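Report on the following structure.
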Amino acid sequence: MLAQAVEQPIFSVEKLTPAHGSFMEAAGIVGASSAAIAMKSGSGEILGVLFAARKPTATYAAFTEQELGDLRHVASLISVSLEQRVMNENILWRLVHLVEMRDPSETGAHVKRVSATAVEIFDGWVQRRGMRAEDCQFLRNTLRVAARAHDVGKNGISDLILKKPAKLTQEEYDTMKHHTVLGAAHFPGSASHDEAAREVAMHHHERWDGCGYPGAASIENMSGDTQRLLNMKLPSTGIAGDDIPLFARMVAIADVFDALSSHRAYKEAWVPERVEQEMRNESGKAFDPELIDIFFERLDRIRAARARYPEQIATPRS
Ligand SMILES: [Fe+2]
Ligand SMILES: [Fe+2]
């Protein structure tokens with residue numbers, strides 16, 4: 001029946017039978033009158049199907065023309081909001097690709113590994129709370145995209161700093177810290193993907209003990225859309241503990257783990273034992289202790305997920 005709805009502007013049935021689709025029986029709506037309306041974007045792309053069913057009574061059987069008109073109206077309202085969401089996600093992916101193009105050999109692989117690691121930590125966090133993985137798919141996808149965009153603010157950092165083949169000076173390092181705020185300024189919207197991407201971009205260098213950054217960032221020295229930056233609510237100091245958004249805490253662990261495990265222009269990749277020791281040492285200092293426990297519980301899976309995105313050449317820092 002849903003397939004038929006895609007073919008026609010509106011598809012209504014006076015009495016549903018199991019022949020209309022196996023889920024009719026499972027949902028206990030055999031015998032109900034129903035209507036299905038395809039929800040389409042402006043360009044005709046199918047975004048979903050609105051399905052309505054009502055048990056027929058002596059007075060009401062099939063949906064009336066008036067009711068079908070109301071359903072059509074509701075479907076068009078939902079289509080607009082669905083299309084908006086698809087557009088927001090597309091824009092976000094374009095931003096992600098933009099930062100990956102800046103240095104596809106390293107930054108691209110880095111953000112993919114960070115995203116894969118953060119999602120593994122999220123899965124462990126969901127499991128610990130006894131939540132159903134199916135119920136958390138939307139959040140999981142939101143984190144996956146937000147983690148891919150965590151370093152998007154590096155677009156606003158000069159190549160002289162971003163690709164410097166040596167350790168940064170203190171002044172250069174301070175400028176590099178601006179990528180957090182610049183990244184957050186890319187996501188001013190209130191949609192959940194935007195909100196998550198903003199929080200992760202802004203706070204992925206915070207530390208559990210409050211000594212991370214951006215802290216009191218000085219906007220005057222930043223390149224980028226000044227007006228948008230001025231409108232942003234910035235933290236006055238590094239935030240600590242549970243005040244750091246959950247997704248940013250997950251990405252912080254994934255980001256440092258990747259930086260330590262990878263070759264960079266200013267350092268060799270650390271051996272796994274040294275990386276693990278450092279991650280353990282930083283539990284409760286840089287990192288959320290519970291998330292570090294989850295990280296170690298799932299380390300084999302994390303290593304397998306990271307292996308899908310090998311780096312070729314190293315240049316920028318995390
Ligand atoms: Fe970063
Ligand atoms: Fe990073």
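Lettering and numbering for the structure tokens are positional, with chains as A, B, ... in the shown order, residues counted from 1 in each chain, and ligands counted from 1 in the shown order.
Look at Lys164 (chain A): the protein and nucleic acid residues within 9 Å of it, using only C-alpha atoms and passing over chain neighbours fewer than 2 places away, are Asp159, Leu160, Ile161, Leu162, Ala166, Lys167, Leu168, Ala265, Tyr266, Thr315 and Pro316 of chain A.
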Using only C-alpha atoms and all ligand atoms, I'd like a table of the residues in chain A that come within 10 Å of ligand 1; for each, show the closest atom pair and its distance in Å rounded to one decimal, ordered by chain and ascending number, as a Markdown table.
| residue | atom | partner | partner_atom_place_in_ligand_line | distance |
| --- | --- | --- | --- | --- |
| A:Val111 | CA | ligand 1 | 1 (Fe) | 9.5 |
| A:Ala149 | CA | ligand 1 | 1 (Fe) | 9.7 |
| A:His150 | CA | ligand 1 | 1 (Fe) | 6.3 |
| A:Asp151 | CA | ligand 1 | 1 (Fe) | 4.8 |
| A:Val152 | CA | ligand 1 | 1 (Fe) | 8.4 |
| A:Gly153 | CA | ligand 1 | 1 (Fe) | 8.2 |
| A:Lys154 | CA | ligand 1 | 1 (Fe) | 7.9 |
| A:Met176 | CA | ligand 1 | 1 (Fe) | 8.6 |
| A:Lys177 | CA | ligand 1 | 1 (Fe) | 7.8 |
| A:His178 | CA | ligand 1 | 1 (Fe) | 9.4 |
| A:His179 | CA | ligand 1 | 1 (Fe) | 6.8 |
| A:Thr180 | CA | ligand 1 | 1 (Fe) | 6.5 |
| A:Gly183 | CA | ligand 1 | 1 (Fe) | 9.2 |
| A:Val200 | CA | ligand 1 | 1 (Fe) | 9.5 |
| A:Ala201 | CA | ligand 1 | 1 (Fe) | 7.4 |
| A:Met202 | CA | ligand 1 | 1 (Fe) | 8.9 |
| A:His203 | CA | ligand 1 | 1 (Fe) | 9.0 |
| A:His204 | CA | ligand 1 | 1 (Fe) | 6.5 |
| A:His205 | CA | ligand 1 | 1 (Fe) | 6.4 |
| A:Val251 | CA | ligand 1 | 1 (Fe) | 9.5 |
| A:Ala252 | CA | ligand 1 | 1 (Fe) | 8.6 |
| A:Asp255 | CA | ligand 1 | 1 (Fe) | 7.4 |
| A:Val256 | CA | ligand 1 | 1 (Fe) | 9.2 |
| A:Arg317 | CA | ligand 1 | 1 (Fe) | 8.0 |
| A:Ser318 | CA | ligand 1 | 1 (Fe) | 4.9 |
Query raised in the report: Which residue out of A:Leu260, A:Ile78, A:Ile239, A:Ile46 has the minimum interatomic distance to ligand 2 when only C-alpha atoms and all ligand atoms are used?
Result: A:Leu260
Query - Atom pair CA of Ala240 (chain A) / CA of Ala191 (chain A): separation (Å) - result: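 Taking CA of Ala240 (chain A) as the start and CA of Ala191 (chain A) as the end point, the length is 25.2 Å.
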Query raised in the report: In Å, how far is it from CA of Val49 (chain A) to CA of Ala35 (chain A)?
Result: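 Those two atoms sit 10.1 Å apart.
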Requested in this report: Do a neighbour search on Arg280 (chain A) at 12 Å with only C-alpha atoms, toss out local chain neighbours closer than 3 positions, and write the hits as JSON, numbers by chain.
Outcome: {"A": [253, 257, 273, 274, 275, 276, 277, 283, 284, 285, 286, 287, 288, 289, 290, 291, 292, 293, 294, 295, 296]}
Generate a file of the selected residues that holds C-alpha atoms, formatted as a short mmCIF file (atom, residue, chain, number, x, y, z; two decimals), in the first residue's frame.
data_model
loop_
_atom_site.label_atom_id
_atom_site.label_comp_id
_atom_site.auth_asym_id
_atom_site.auth_seq_id
_atom_site.Cartn_x
_atom_site.Cartn_y
_atom_site.Cartn_z
CA ILE A 253 38.54 11.14 23.66
CA PHE A 257 43.38 8.99 20.77
CA GLU A 273 50.93 0.62 24.81
CA ARG A 274 52.09 4.21 25.32
CA VAL A 275 48.84 5.59 23.84
CA GLU A 276 46.73 3.38 26.13
CA GLN A 277 48.79 4.37 29.19
CA SER A 283 40.87 9.60 33.00
CA GLY A 284 39.30 12.16 35.35
CA LYS A 285 41.82 14.80 34.19
CA ALA A 286 41.30 15.37 30.47
CA PHE A 287 38.54 12.80 30.01
CA ASP A 288 35.19 11.74 31.46
CA PRO A 289 36.09 8.62 33.54
CA GLU A 290 32.94 6.71 32.55
CA LEU A 291 33.56 7.31 28.86
CA ILE A 292 37.19 6.21 29.24
CA ASP A 293 35.94 2.94 30.81
CA ILE A 294 33.68 2.45 27.79
CA PHE A 295 36.56 3.35 25.48
CA PHE A 296 38.73 0.55 26.94
#
Report task. Find, counting only C-alpha atoms, the residue in A:Val74, A:Ala184, A:Ala196, A:Val13 that gets nearest to Thr142 (chain A). Result -> A:Ala196
**Report entry** 12 Å contact set for Val86 (chain A), only C-alpha atoms, chain neighbours under 2 positions out, as a PyMOL selection string
**Finding:** chain A and resi 40-41+45-48+79-84+88-93+191+193
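Shortest atom-to-atom contact with ligand 2 among A:Ala62, A:Ile244, A:Ala36, A:Ala109: A:Ala109, counting only C-alpha atoms and all ligand atoms.
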Query raised in the report: Which distance in Å separates CA of Ala52 (chain A) and CA of Ala32 (chain A), to one decimal?
Result: 9.7 Å
Requested in this report: Could you check which of A:Lys55, A:Arg308, A:His263, A:Arg148 is closest to ligand 2, using only C-alpha atoms and all ligand atoms?
Outcome: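 The answer is A:Arg148, which sits nearest to ligand 2.
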Query - Which residue of A:Asn281, A:Ser158, A:Ser33, A:Ser262 approaches ligand 2 most closely, using only C-alpha atoms and all ligand atoms - result: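 Looking at the shortest contact to ligand 2, the residue is A:Ser262.
Restricting the calculation to only C-alpha atoms and all ligand atoms, the smallest distance between ligand 2 and any of A:Gly124, A:Gly156, A:Gly108, A:Gly44 is found for A:Gly108.
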Query raised in the report: What are the DSSP helix (DSSP H, G or I) residues of region 16-98 of chain A, as number ranges by chain?
Result: A: 18-20, 23-26, 65-98
